[in-house]
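Asker: Next up, start.csv (CSV, C-alpha atoms).
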chain,number,residue,atom,x,y,z
A,22,MET,CA,63.6,-51.3,63.9
A,23,ARG,CA,63.9,-47.9,65.5
A,24,ASN,CA,65.8,-47.7,68.8
A,25,GLU,CA,63.6,-45.9,71.3
A,26,ASN,CA,66.5,-45.2,73.7
A,27,THR,CA,67.9,-41.6,73.5
A,28,PHE,CA,71.1,-40.2,74.9
A,29,GLY,CA,72.3,-36.6,75.1
A,30,LEU,CA,75.3,-34.9,76.7
A,31,HIS,CA,76.1,-31.2,76.9
A,32,PHE,CA,78.7,-29.4,79.1
A,33,ILE,CA,77.4,-26.2,80.8
A,34,LEU,CA,78.8,-23.5,83.0
A,35,ARG,CA,77.2,-22.7,86.4
A,36,VAL,CA,77.9,-18.9,86.5
A,37,GLY,CA,75.8,-18.6,89.7
A,38,ARG,CA,78.3,-20.7,91.6
A,39,SER,CA,81.4,-18.7,90.6
A,40,VAL,CA,84.3,-18.5,93.0
A,41,LYS,CA,87.1,-16.0,92.5
A,42,GLY,CA,85.9,-15.2,89.0
A,43,LYS,CA,85.8,-18.8,87.8
A,44,SER,CA,82.6,-20.9,87.3
A,45,PRO,CA,82.3,-24.7,87.7
A,46,ILE,CA,81.7,-26.9,84.6
A,47,TYR,CA,78.9,-29.5,84.7
A,48,ALA,CA,78.0,-32.3,82.4
A,49,ARG,CA,74.2,-32.3,81.7
A,50,ILE,CA,73.2,-35.9,80.9
A,51,SER,CA,69.8,-36.8,79.4
A,52,VAL,CA,68.6,-40.4,78.8
A,53,ASN,CA,65.1,-41.4,77.8
A,54,LYS,CA,63.5,-38.1,79.0
A,55,THR,CA,65.4,-38.3,82.3
A,56,LYS,CA,68.0,-35.7,83.2
A,57,CYS,CA,70.8,-35.1,85.7
A,58,GLU,CA,74.0,-33.2,86.1
A,59,LEU,CA,77.5,-34.3,87.0
A,60,ALA,CA,80.0,-31.9,88.6
A,61,LEU,CA,83.4,-32.2,86.8
A,62,LYS,CA,85.4,-30.4,89.5
A,63,CYS,CA,87.0,-28.0,87.0
A,64,HIS,CA,86.5,-24.2,86.7
A,65,ILE,CA,86.8,-21.6,83.9
A,66,ARG,CA,86.3,-17.9,83.5
A,67,LYS,CA,83.0,-17.0,81.8
A,68,GLU,CA,84.7,-15.1,79.0
A,69,ASP,CA,86.7,-18.2,78.1
A,70,TRP,CA,83.6,-20.4,77.6
A,71,ASN,CA,81.7,-21.1,74.4
A,72,SER,CA,78.1,-21.9,75.7
A,73,VAL,CA,76.9,-22.8,72.2
A,74,ARG,CA,79.6,-25.5,71.7
A,75,GLY,CA,79.7,-26.5,75.3
A,76,ALA,CA,83.5,-26.2,75.3
A,77,ALA,CA,86.3,-23.8,76.2
A,78,LYS,CA,87.5,-21.3,73.6
A,79,THR,CA,90.8,-22.5,72.2
A,80,GLY,CA,92.8,-19.4,73.3
A,81,ASN,CA,95.8,-21.1,75.0
A,82,GLU,CA,97.3,-24.4,75.9
A,83,GLU,CA,95.5,-24.7,79.2
A,84,LEU,CA,92.1,-24.3,77.6
A,85,LYS,CA,93.0,-26.9,74.9
A,86,LEU,CA,93.9,-29.4,77.7
A,87,LEU,CA,90.5,-28.6,79.4
A,88,ASN,CA,88.7,-29.5,76.1
A,89,SER,CA,90.7,-32.7,75.9
A,90,TYR,CA,89.5,-33.6,79.4
A,91,LEU,CA,85.9,-32.8,78.5
A,92,GLU,CA,86.1,-35.1,75.5
A,93,GLU,CA,87.6,-37.8,77.6
A,94,VAL,CA,84.6,-37.4,80.0
A,95,ARG,CA,82.2,-37.6,77.1
A,96,GLY,CA,83.8,-40.8,75.8
A,97,LYS,CA,83.6,-42.4,79.3
A,98,LEU,CA,79.9,-41.4,79.7
A,99,VAL,CA,79.0,-42.7,76.2
A,100,LYS,CA,80.9,-46.0,77.0
A,101,GLN,CA,78.9,-46.4,80.2
A,102,TYR,CA,75.6,-45.7,78.4
A,103,ARG,CA,76.4,-48.3,75.8
A,104,ALA,CA,77.4,-50.8,78.4
A,105,LEU,CA,74.1,-50.4,80.3
A,106,HIS,CA,72.2,-50.6,77.0
A,107,ILE,CA,73.9,-53.9,76.0
A,108,THR,CA,73.3,-55.5,79.5
A,109,ASP,CA,69.6,-54.5,79.3
A,110,ALA,CA,70.0,-52.6,82.5
A,111,LEU,CA,67.7,-49.8,83.6
A,112,LEU,CA,68.6,-46.8,81.4
A,113,THR,CA,68.2,-43.4,83.1
A,114,ALA,CA,70.5,-40.4,83.3
A,115,GLU,CA,71.2,-41.2,87.0
A,116,SER,CA,72.2,-44.8,86.1
A,117,VAL,CA,74.7,-43.5,83.5
A,118,LYS,CA,76.1,-41.0,86.1
A,119,ASP,CA,76.3,-43.7,88.8
A,120,ALA,CA,78.1,-46.1,86.4
A,121,TYR,CA,80.6,-43.3,85.5
A,122,LEU,CA,81.2,-42.6,89.2
A,123,GLY,CA,81.3,-46.3,90.2
A,124,ILE,CA,78.5,-45.8,92.7
A,125,ASN,CA,76.7,-49.0,93.9
A,126,GLU,CA,78.4,-50.9,91.2
A,127,ASN,CA,77.5,-54.3,92.7
A,128,LYS,CA,73.9,-53.2,93.5
A,129,ARG,CA,73.0,-51.4,90.3
A,130,LYS,CA,70.9,-54.2,88.9
A,131,TYR,CA,68.5,-54.1,91.8
A,132,THR,CA,65.5,-51.9,91.0
A,133,LEU,CA,62.4,-51.3,93.0
A,134,LEU,CA,60.0,-53.0,90.7
A,135,TRP,CA,62.4,-56.0,90.3
A,136,VAL,CA,62.3,-56.4,94.1
A,137,VAL,CA,58.5,-56.1,94.1
A,138,ALA,CA,58.2,-58.8,91.4
A,139,GLU,CA,60.7,-61.1,93.2
A,140,HIS,CA,58.9,-60.6,96.5
A,141,ASN,CA,55.5,-61.4,95.1
A,142,LEU,CA,56.8,-64.4,93.3
A,143,MET,CA,58.3,-65.8,96.4
A,144,MET,CA,55.2,-65.1,98.5
A,145,GLN,CA,52.7,-66.8,96.2
A,146,LYS,CA,53.0,-70.1,98.0
A,147,ILE,CA,53.1,-68.5,101.5
A,148,LEU,CA,50.5,-65.7,101.4
A,149,LYS,CA,46.8,-66.2,100.7
A,150,HIS,CA,45.3,-65.4,97.4
A,151,GLY,CA,43.4,-62.3,98.8
A,152,THR,CA,46.6,-61.0,100.3
A,153,MET,CA,48.5,-61.4,97.1
A,154,LYS,CA,45.8,-59.5,95.3
A,155,ASN,CA,46.5,-56.6,97.6
A,156,TYR,CA,50.2,-56.7,96.9
A,157,SER,CA,49.4,-56.7,93.2
A,158,THR,CA,47.4,-53.5,93.7
A,159,THR,CA,50.3,-51.9,95.5
A,160,GLU,CA,52.5,-52.8,92.6
A,161,LYS,CA,50.1,-51.2,90.2
A,162,TYR,CA,50.3,-48.0,92.2
A,163,LEU,CA,54.1,-48.1,92.0
A,164,LYS,CA,54.1,-48.7,88.3
A,165,ALA,CA,51.9,-45.6,87.9
A,166,PHE,CA,53.8,-43.4,90.3
A,167,ILE,CA,57.3,-44.0,89.1
A,168,PRO,CA,56.8,-42.7,85.5
A,169,HIS,CA,54.7,-39.8,87.0
A,170,LYS,CA,57.5,-38.8,89.3
A,171,PHE,CA,60.7,-39.8,87.5
A,172,ARG,CA,59.8,-40.1,83.8
A,173,SER,CA,61.2,-43.6,84.0
A,174,ASP,CA,59.6,-47.1,84.1
A,175,ASP,CA,61.6,-48.1,87.2
A,176,ILE,CA,64.2,-46.7,89.6
A,177,PHE,CA,67.2,-48.2,91.4
A,178,LEU,CA,66.9,-49.1,95.0
A,179,SER,CA,69.7,-46.8,95.8
A,180,LYS,CA,67.5,-43.9,94.8
A,181,LEU,CA,64.8,-44.7,97.4
A,182,ASN,CA,64.6,-42.0,100.0
A,183,TYR,CA,62.1,-40.3,102.3
A,184,GLU,CA,61.1,-38.0,99.5
A,185,PHE,CA,60.1,-41.0,97.4
A,186,ILE,CA,58.1,-42.6,100.3
A,187,SER,CA,56.2,-39.4,101.2
A,188,GLY,CA,55.6,-38.7,97.5
A,189,PHE,CA,54.2,-42.2,97.0
A,190,GLU,CA,51.9,-41.7,100.0
A,191,PHE,CA,50.5,-38.5,98.5
A,192,TYR,CA,50.1,-40.1,95.1
A,193,VAL,CA,48.1,-43.0,96.5
A,194,ARG,CA,45.8,-40.6,98.4
A,195,SER,CA,45.3,-38.4,95.3
A,196,ASN,CA,44.9,-41.0,92.6
A,197,SER,CA,42.8,-44.2,92.3
A,198,ILE,CA,43.4,-47.4,90.4
A,199,LYS,CA,39.7,-48.0,90.1
A,200,GLU,CA,37.7,-45.1,88.6
A,201,ASN,CA,36.1,-42.9,91.3
A,202,ASP,CA,37.5,-45.1,94.1
A,203,PRO,CA,40.2,-43.2,95.9
A,204,CYS,CA,42.0,-44.6,98.9
A,205,ALA,CA,41.0,-43.3,102.3
A,206,ASN,CA,43.6,-43.0,105.0
A,207,ASN,CA,43.6,-46.6,106.2
A,208,GLY,CA,43.7,-47.9,102.6
A,209,THR,CA,46.6,-45.6,101.8
A,210,MET,CA,48.4,-46.8,105.0
A,211,LYS,CA,47.9,-50.5,103.9
A,212,HIS,CA,49.7,-49.8,100.6
A,213,MET,CA,52.5,-48.0,102.6
A,214,GLU,CA,52.7,-51.0,105.0
A,215,ARG,CA,53.1,-53.4,102.1
A,216,LEU,CA,55.8,-51.3,100.4
A,217,LYS,CA,57.6,-51.0,103.8
A,218,LYS,CA,57.6,-54.8,104.2
A,219,MET,CA,59.1,-55.3,100.7
A,220,VAL,CA,61.7,-52.6,101.3
A,221,ASN,CA,62.6,-54.2,104.6
A,222,TRP,CA,63.0,-57.5,102.7
A,223,ALA,CA,65.5,-55.8,100.3
A,224,VAL,CA,67.4,-54.3,103.3
A,225,LYS,CA,67.7,-57.8,104.9
A,226,ASN,CA,69.0,-59.1,101.6
A,227,GLU,CA,71.6,-56.3,101.6
A,228,TRP,CA,70.4,-54.9,98.3
A,229,LEU,CA,69.8,-51.6,100.0
A,230,ASP,CA,72.2,-49.9,102.5
A,231,LYS,CA,69.8,-47.5,104.2
A,232,ASN,CA,66.1,-48.0,104.9
A,233,PRO,CA,64.1,-45.0,103.6
A,234,PHE,CA,61.2,-45.9,105.9
A,235,SER,CA,63.4,-45.3,109.0
A,236,ASN,CA,61.7,-41.9,109.6
A,237,PHE,CA,58.3,-42.7,108.2
A,238,LYS,CA,55.4,-43.7,110.6
A,239,LEU,CA,52.3,-45.5,109.5
A,240,LYS,CA,49.2,-43.7,110.9
A,241,PHE,CA,46.0,-45.7,110.9
A,242,ASP,CA,42.7,-44.1,111.9
A,243,ARG,CA,41.0,-46.0,114.7
A,244,GLN,CA,37.6,-47.0,113.4
A,245,GLU,CA,34.4,-48.1,115.2
A,246,ARG,CA,33.2,-51.4,114.0
A,247,GLU,CA,29.5,-51.5,113.2
A,248,CYS,CA,27.3,-54.4,114.3
A,249,LEU,CA,23.6,-55.4,114.4
A,250,ASN,CA,21.8,-54.9,117.7
A,251,GLU,CA,19.5,-57.6,119.0
A,252,ILE,CA,16.4,-56.2,117.5
A,253,GLN,CA,17.9,-55.9,114.0
A,254,LEU,CA,19.3,-59.4,114.2
A,255,THR,CA,15.9,-60.7,115.2
A,256,VAL,CA,14.2,-58.9,112.3
A,257,ILE,CA,16.6,-60.4,109.8
A,258,LYS,CA,16.2,-63.9,111.3
A,259,THR,CA,12.4,-63.8,111.3
A,260,HIS,CA,11.6,-61.8,108.2
A,261,ASP,CA,9.7,-63.8,105.5
A,262,LEU,CA,11.9,-63.8,102.3
A,263,GLU,CA,10.3,-65.3,99.2
A,264,ASN,CA,13.4,-65.5,97.1
A,265,PRO,CA,15.3,-68.8,97.7
A,266,THR,CA,18.7,-67.2,97.1
A,267,LEU,CA,18.0,-64.4,99.6
A,268,GLN,CA,16.9,-67.1,102.1
A,269,LEU,CA,20.2,-68.9,101.7
A,270,ILE,CA,22.2,-65.7,102.0
A,271,ARG,CA,20.2,-64.7,105.1
A,272,ASP,CA,20.8,-68.1,106.7
A,273,LEU,CA,24.5,-68.1,106.1
A,274,PHE,CA,24.7,-64.5,107.5
A,275,VAL,CA,22.8,-65.6,110.6
A,276,PHE,CA,25.0,-68.6,111.1
A,277,SER,CA,28.0,-66.3,111.0
A,278,CYS,CA,26.3,-64.0,113.5
A,279,TYR,CA,26.2,-66.9,116.0
A,280,THR,CA,29.6,-68.5,115.2
A,281,GLY,CA,31.8,-65.6,114.2
A,282,LEU,CA,33.1,-67.4,111.1
A,283,ALA,CA,34.5,-65.3,108.3
A,284,TYR,CA,33.0,-65.7,104.8
A,285,ILE,CA,35.8,-68.0,103.5
A,286,ASP,CA,35.8,-70.2,106.6
A,287,LEU,CA,32.1,-70.7,106.4
A,288,ILE,CA,32.0,-71.5,102.7
A,289,GLU,CA,34.9,-74.0,103.1
A,290,LEU,CA,33.5,-75.6,106.3
A,291,LYS,CA,33.4,-79.4,105.9
A,292,PRO,CA,31.0,-81.9,107.6
A,293,ASN,CA,33.8,-83.6,109.5
A,294,GLU,CA,34.6,-80.2,111.1
A,295,ILE,CA,31.3,-80.3,112.9
A,296,VAL,CA,31.8,-82.6,116.0
A,297,THR,CA,29.7,-83.6,119.0
A,298,SER,CA,31.3,-83.7,122.4
A,299,VAL,CA,30.6,-86.4,125.1
A,300,ASN,CA,28.0,-84.2,126.7
A,301,GLY,CA,26.1,-83.9,123.4
A,302,VAL,CA,27.2,-80.3,122.5
A,303,LYS,CA,28.0,-79.6,118.8
A,304,TRP,CA,31.2,-77.8,118.1
A,305,ILE,CA,33.0,-76.4,115.1
A,306,LYS,CA,36.6,-77.5,115.1
A,307,THR,CA,38.4,-75.9,112.1
A,308,ALA,CA,41.4,-73.6,111.2
A,309,ARG,CA,41.1,-70.1,109.8
A,310,GLU,CA,41.9,-69.9,106.1
A,311,LYS,CA,43.5,-66.5,106.7
A,312,SER,CA,46.0,-67.4,109.4
A,313,GLY,CA,45.8,-71.2,109.9
A,314,VAL,CA,44.9,-70.6,113.6
A,315,VAL,CA,42.8,-73.4,115.0
A,316,VAL,CA,39.3,-72.3,116.3
A,317,ASN,CA,36.9,-74.3,118.5
A,318,ILE,CA,33.3,-72.8,118.6
A,319,PRO,CA,30.5,-74.4,120.6
A,320,LEU,CA,27.2,-74.0,118.6
A,321,LEU,CA,24.3,-72.0,119.9
A,322,ASP,CA,20.7,-73.1,119.1
A,323,ASP,CA,20.3,-70.5,116.4
A,324,ALA,CA,23.4,-71.8,114.6
A,325,ILE,CA,22.2,-75.4,114.9
A,326,ASN,CA,18.9,-74.5,113.4
A,327,VAL,CA,20.6,-73.2,110.3
A,328,LEU,CA,22.9,-76.3,110.3
A,329,ASP,CA,19.9,-78.7,110.4
A,330,LYS,CA,18.2,-76.8,107.6
A,331,TYR,CA,21.0,-77.5,105.1
A,332,SER,CA,22.1,-81.0,106.4
A,333,ASN,CA,20.7,-82.8,103.4
A,334,ASP,CA,21.2,-80.0,100.8
A,335,LYS,CA,22.5,-81.7,97.6
A,336,ARG,CA,24.3,-78.6,96.5
A,337,ALA,CA,26.5,-78.8,99.6
A,338,ILE,CA,26.8,-82.6,99.7
A,339,VAL,CA,28.2,-82.7,96.1
A,340,LYS,CA,30.9,-80.2,97.1
A,341,GLU,CA,31.6,-82.0,100.4
A,342,ARG,CA,30.8,-78.8,102.3
A,343,VAL,CA,28.3,-77.9,105.0
A,344,PHE,CA,26.6,-75.2,103.0
A,345,PRO,CA,25.9,-74.5,99.3
A,346,LEU,CA,28.4,-72.2,97.6
A,347,VAL,CA,27.5,-68.5,97.3
A,348,SER,CA,30.2,-66.1,96.0
A,349,ASN,CA,31.3,-63.3,98.3
A,350,GLN,CA,30.2,-60.7,95.7
A,351,GLU,CA,26.7,-62.3,95.4
A,352,MET,CA,26.6,-62.6,99.2
A,353,ASN,CA,27.2,-58.9,99.8
A,354,ARG,CA,24.9,-57.9,97.0
A,355,GLY,CA,22.1,-60.0,98.5
A,356,LEU,CA,22.7,-58.6,101.9
A,357,LYS,CA,22.1,-55.1,100.6
A,358,VAL,CA,18.7,-56.2,99.3
A,359,ILE,CA,17.9,-57.9,102.6
A,360,ALA,CA,18.8,-54.8,104.5
A,361,GLU,CA,16.4,-52.7,102.3
A,362,ILE,CA,13.6,-55.3,102.7
A,363,CYS,CA,14.0,-55.4,106.5
A,364,GLY,CA,14.3,-51.6,106.8
A,365,ILE,CA,17.8,-51.7,108.3
A,366,LYS,CA,19.8,-48.6,107.5
A,367,LYS,CA,23.3,-50.0,108.3
A,368,HIS,CA,25.7,-51.0,105.5
A,369,LEU,CA,25.1,-54.7,105.6
A,370,THR,CA,28.1,-56.8,104.6
A,371,PHE,CA,29.0,-60.4,105.5
A,372,HIS,CA,31.9,-59.3,107.7
A,373,LEU,CA,29.3,-57.4,109.8
A,374,ALA,CA,28.1,-60.8,111.1
A,375,ARG,CA,31.6,-61.4,112.6
A,376,HIS,CA,31.3,-58.0,114.4
A,377,THR,CA,27.8,-58.9,115.6
A,378,PHE,CA,29.0,-62.2,117.0
A,379,ALA,CA,31.8,-60.4,118.9
A,380,THR,CA,29.5,-57.7,120.4
A,381,THR,CA,25.8,-58.4,120.4
A,382,VAL,CA,25.9,-62.1,120.8
A,383,THR,CA,28.8,-62.7,123.1
A,384,LEU,CA,30.3,-59.5,124.7
A,385,MET,CA,26.9,-58.0,125.5
A,386,ASN,CA,25.9,-61.3,127.2
A,387,GLY,CA,28.9,-61.4,129.5
A,388,VAL,CA,31.3,-63.7,127.6
A,389,PRO,CA,34.8,-62.8,128.6
A,390,ILE,CA,36.9,-61.0,125.9
A,391,GLU,CA,39.6,-63.7,126.2
A,392,THR,CA,37.0,-66.4,125.2
A,393,ILE,CA,35.7,-64.3,122.3
A,394,SER,CA,39.3,-63.9,121.1
A,395,LYS,CA,39.9,-67.6,121.0
A,396,MET,CA,36.6,-68.3,119.1
A,397,LEU,CA,37.4,-65.6,116.6
A,398,GLY,CA,40.9,-67.1,116.0
A,399,HIS,CA,42.8,-64.0,117.0
A,400,THR,CA,46.4,-64.3,118.1
A,401,LYS,CA,46.3,-60.9,119.9
A,402,LEU,CA,43.8,-59.7,122.4
A,403,SER,CA,44.2,-56.2,121.0
A,404,THR,CA,42.7,-57.4,117.7
A,405,THR,CA,39.6,-58.6,119.4
A,406,MET,CA,39.2,-55.3,121.1
A,407,ILE,CA,38.9,-53.6,117.7
A,408,TYR,CA,36.2,-56.1,116.6
A,409,ALA,CA,34.4,-56.3,119.9
A,410,ARG,CA,33.3,-52.8,120.4
A,411,ILE,CA,32.4,-52.0,124.0
A,412,SER,CA,29.2,-50.0,123.6
A,413,GLN,CA,27.5,-47.6,126.0
A,414,THR,CA,24.9,-50.3,126.7
A,415,LYS,CA,27.6,-52.8,127.8
A,416,ILE,CA,29.2,-50.1,130.0
A,417,GLY,CA,25.8,-49.5,131.6
A,418,LEU,CA,25.2,-53.2,132.2
A,419,ASP,CA,28.7,-53.6,133.7
A,420,MET,CA,28.1,-50.6,136.0
A,421,GLU,CA,24.7,-52.0,137.0
A,422,LEU,CA,26.3,-55.3,138.0
A,423,LEU,CA,28.9,-53.4,140.0
A,424,GLN,CA,26.2,-51.4,141.7
A,425,ASN,CA,24.3,-54.6,142.7
A,426,ARG,CA,27.5,-56.2,143.9
A,427,LEU,CA,28.3,-53.1,146.1
A,428,GLU,CA,24.8,-53.1,147.4
A,429,ALA,CA,25.1,-56.7,148.4
A,430,GLU,CA,28.4,-56.0,150.1
A,431,ARG,CA,26.9,-53.1,152.1
A,432,ASN,CA,23.9,-55.2,153.2
A,433,LYS,CA,26.2,-58.0,154.2
A,434,ALA,CA,28.3,-55.5,156.3
A,435,LYS,CA,25.1,-54.1,157.9
A,436,LEU,CA,23.9,-57.6,158.8
A,437,MET,CA,27.2,-58.3,160.5
A,438,ILE,CA,27.0,-55.1,162.5
A,439,VAL,CA,23.5,-56.0,163.7
A,440,ARG,CA,24.6,-59.4,164.8
A,441,GLN,CA,27.4,-57.9,166.8
Would you encode the structure as structure tokens?
Answerer:
Amino acid sequence: MRNENTFGLHFILRVGRSVKGKSPIYARISVNKTKCELALKCHIRKEDWNSVRGAAKTGNEELKLLNSYLEEVRGKLVKQYRALHITDALLTAESVKDAYLGINENKRKYTLLWVVAEHNLMMQKILKHGTMKNYSTTEKYLKAFIPHKFRSDDIFLSKLNYEFISGFEFYVRSNSIKENDPCANNGTMKHMERLKKMVNWAVKNEWLDKNPFSNFKLKFDRQERECLNEIQLTVIKTHDLENPTLQLIRDLFVFSCYTGLAYIDLIELKPNEIVTSVNGVKWIKTAREKSGVVVNIPLLDDAINVLDKYSNDKRAIVKERVFPLVSNQEMNRGLKVIAEICGIKKHLTFHLARHTFATTVTLMNGVPIETISKMLGHTKLSTTMIYARISQTKIGLDMELLQNRLEAERNKAKLMIVRQ
């Protein structure tokens, strides 16, 4: 079978770097379409060099000794190439050069894609399936970028630097894994964030001496979260839908609007997670699939109405769930149809229901942000502030309440003056 690995070596003279009439000699190494140069720290006059043969002209004993040294270097480089080839190590011109110089000898086996694969293997039982899918996409980008940049299938960790990081960022922005689906800024930053976590992991394992991300800053664009206003939510709740599947999708969406449950938490909701308190109030007591954080949500009447509608649905009972199963893809596809039927121009997705709960249903009706954060299952209040957009209407209502309070205080003060 034909060996696809290629190795080439030629000695060259760098005339442009001449000092006192003598030029330095370099070894130009080429392996599998990768190239690099190795400074040999020896010099020769241009007229004593045979550029075709890549060797000194045999004019005197000194030049003969130089040629002997060059052949010795050739032998050592060939030996290192063969050793790497036998051990199935990553074969590049740089790896042969490093092996010759003895650089990172103990760390040469650690390559970037090896680290990525090891990280993903270890995280499979720790991270959720959706998160692992995102890491796999980042890996696909790396597998496309490395051959594009280095003409190699992989690179050693020791070769990671700021140039690689910034180059990878530009590549992700400019190329898409899916056809006609390029990454926007925040999508690009998420890939950089995942790569940064894996590189940090390599640093902690002492496979990498210097962190190439030390001077790189992740820059996410702050985005306003869309939500339905009260009128739009009422239109969706009350619109007569003939299609049974669309009815189910609408009901699940409405339930999320009044509970804040994410898609996966709603679909996985079990009957024993609906409890009734001593005062007769129904609660959802569950844990978020994404983070494992426990959430306790008292049910509003609109949510209870949806709950009662599907209390005896055989499709849910068989699966030991509260609601019948609808895939996330089918859910979002159906919501687009519902938005069109109801004349709603916003991009309707299931996650929009969570935003609606955080803003229109709770925040706009005076529920404290700390309470909303608890019901959403957030560990940081800053996360809730992103979801729960404080709109102009809410600001107006808050200022109106303040004005009424100030008026009441003034009237109280006037009354006290009159009494005096």
Asker: Extract, using all atoms listed in the file, all DNA, RNA and protein residues at most 9 Å from A:Tyr131, discarding same-chain residues fewer than 2 positions from it, and format them as a list in words.
Answerer: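 Once the adjacent positions are removed, what remains is Lys128, Arg129, Leu133, Leu134, Trp135, Val136, Ile176, Phe177, Leu178, Ser179, Trp228 and Leu229 of chain A.
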Asker: Find the spatial neighbours of A:Ser195, counting only C-alpha atoms, within a cut-off of 12 Å - ignore same-chain residues fewer than 2 positions away - and output them as a PDB file with C-alpha atoms, in the frame of the given file.
Answerer:
ATOM      1  CA  TYR A 162      50.300 -48.000  92.200  1.00  0.00           C
ATOM      2  CA  PHE A 166      53.800 -43.400  90.300  1.00  0.00           C
ATOM      3  CA  GLY A 188      55.600 -38.700  97.500  1.00  0.00           C
ATOM      4  CA  PHE A 189      54.200 -42.200  97.000  1.00  0.00           C
ATOM      5  CA  GLU A 190      51.900 -41.700 100.000  1.00  0.00           C
ATOM      6  CA  PHE A 191      50.500 -38.500  98.500  1.00  0.00           C
ATOM      7  CA  TYR A 192      50.100 -40.100  95.100  1.00  0.00           C
ATOM      8  CA  VAL A 193      48.100 -43.000  96.500  1.00  0.00           C
ATOM      9  CA  SER A 197      42.800 -44.200  92.300  1.00  0.00           C
ATOM     10  CA  ILE A 198      43.400 -47.400  90.400  1.00  0.00           C
ATOM     11  CA  ASN A 201      36.100 -42.900  91.300  1.00  0.00           C
ATOM     12  CA  ASP A 202      37.500 -45.100  94.100  1.00  0.00           C
ATOM     13  CA  PRO A 203      40.200 -43.200  95.900  1.00  0.00           C
ATOM     14  CA  CYS A 204      42.000 -44.600  98.900  1.00  0.00           C
ATOM     15  CA  ALA A 205      41.000 -43.300 102.300  1.00  0.00           C
ATOM     16  CA  ASN A 206      43.600 -43.000 105.000  1.00  0.00           C
ATOM     17  CA  THR A 209      46.600 -45.600 101.800  1.00  0.00           C
TER      18      THR A 209
END
Asker: Which residues come within 10 Å of stretch 38-55 of chain A, counting all atoms listed in the file, excluding same-chain residues fewer than 4 positions away, as a ChimeraX atom specification?
Answerer: /A:25-34,59-70,75-76,91,94-95,98,102,112-118,171-173
Asker: Please write the residues from the selection above to a file, keeping C-alpha atoms, as a PDB file, in the frame of the given file.
Answerer:
ATOM      1  CA  GLU A  25      63.600 -45.900  71.300  1.00  0.00           C
ATOM      2  CA  ASN A  26      66.500 -45.200  73.700  1.00  0.00           C
ATOM      3  CA  THR A  27      67.900 -41.600  73.500  1.00  0.00           C
ATOM      4  CA  PHE A  28      71.100 -40.200  74.900  1.00  0.00           C
ATOM      5  CA  GLY A  29      72.300 -36.600  75.100  1.00  0.00           C
ATOM      6  CA  LEU A  30      75.300 -34.900  76.700  1.00  0.00           C
ATOM      7  CA  HIS A  31      76.100 -31.200  76.900  1.00  0.00           C
ATOM      8  CA  PHE A  32      78.700 -29.400  79.100  1.00  0.00           C
ATOM      9  CA  ILE A  33      77.400 -26.200  80.800  1.00  0.00           C
ATOM     10  CA  LEU A  34      78.800 -23.500  83.000  1.00  0.00           C
ATOM     11  CA  LEU A  59      77.500 -34.300  87.000  1.00  0.00           C
ATOM     12  CA  ALA A  60      80.000 -31.900  88.600  1.00  0.00           C
ATOM     13  CA  LEU A  61      83.400 -32.200  86.800  1.00  0.00           C
ATOM     14  CA  LYS A  62      85.400 -30.400  89.500  1.00  0.00           C
ATOM     15  CA  CYS A  63      87.000 -28.000  87.000  1.00  0.00           C
ATOM     16  CA  HIS A  64      86.500 -24.200  86.700  1.00  0.00           C
ATOM     17  CA  ILE A  65      86.800 -21.600  83.900  1.00  0.00           C
ATOM     18  CA  ARG A  66      86.300 -17.900  83.500  1.00  0.00           C
ATOM     19  CA  LYS A  67      83.000 -17.000  81.800  1.00  0.00           C
ATOM     20  CA  GLU A  68      84.700 -15.100  79.000  1.00  0.00           C
ATOM     21  CA  ASP A  69      86.700 -18.200  78.100  1.00  0.00           C
ATOM     22  CA  TRP A  70      83.600 -20.400  77.600  1.00  0.00           C
ATOM     23  CA  GLY A  75      79.700 -26.500  75.300  1.00  0.00           C
ATOM     24  CA  ALA A  76      83.500 -26.200  75.300  1.00  0.00           C
ATOM     25  CA  LEU A  91      85.900 -32.800  78.500  1.00  0.00           C
ATOM     26  CA  VAL A  94      84.600 -37.400  80.000  1.00  0.00           C
ATOM     27  CA  ARG A  95      82.200 -37.600  77.100  1.00  0.00           C
ATOM     28  CA  LEU A  98      79.900 -41.400  79.700  1.00  0.00           C
ATOM     29  CA  TYR A 102      75.600 -45.700  78.400  1.00  0.00           C
ATOM     30  CA  LEU A 112      68.600 -46.800  81.400  1.00  0.00           C
ATOM     31  CA  THR A 113      68.200 -43.400  83.100  1.00  0.00           C
ATOM     32  CA  ALA A 114      70.500 -40.400  83.300  1.00  0.00           C
ATOM     33  CA  GLU A 115      71.200 -41.200  87.000  1.00  0.00           C
ATOM     34  CA  SER A 116      72.200 -44.800  86.100  1.00  0.00           C
ATOM     35  CA  VAL A 117      74.700 -43.500  83.500  1.00  0.00           C
ATOM     36  CA  LYS A 118      76.100 -41.000  86.100  1.00  0.00           C
ATOM     37  CA  PHE A 171      60.700 -39.800  87.500  1.00  0.00           C
ATOM     38  CA  ARG A 172      59.800 -40.100  83.800  1.00  0.00           C
ATOM     39  CA  SER A 173      61.200 -43.600  84.000  1.00  0.00           C
TER      40      SER A 173
END
Asker: Using only C-alpha atoms, which of the listed residues (A:Arg246, A:Arg271, A:Lys217, A:Lys433) sits closest to A:His376?
Answerer: A:Arg246
Asker: Can you measure atom CA of A:Pro319 to atom CA of A:Ile295 for me? One decimal in Å is fine.
Answerer: 9.7 Å
Asker: Extract, using all atoms listed in the file, all DNA, RNA and protein residues at most 7 Å from stretch 392-396 of chain A, discarding same-chain residues fewer than 4 positions from it, and format them as JSON, numbers by chain.
Answerer: {"A": [316, 317, 318, 379, 388, 402, 405]}
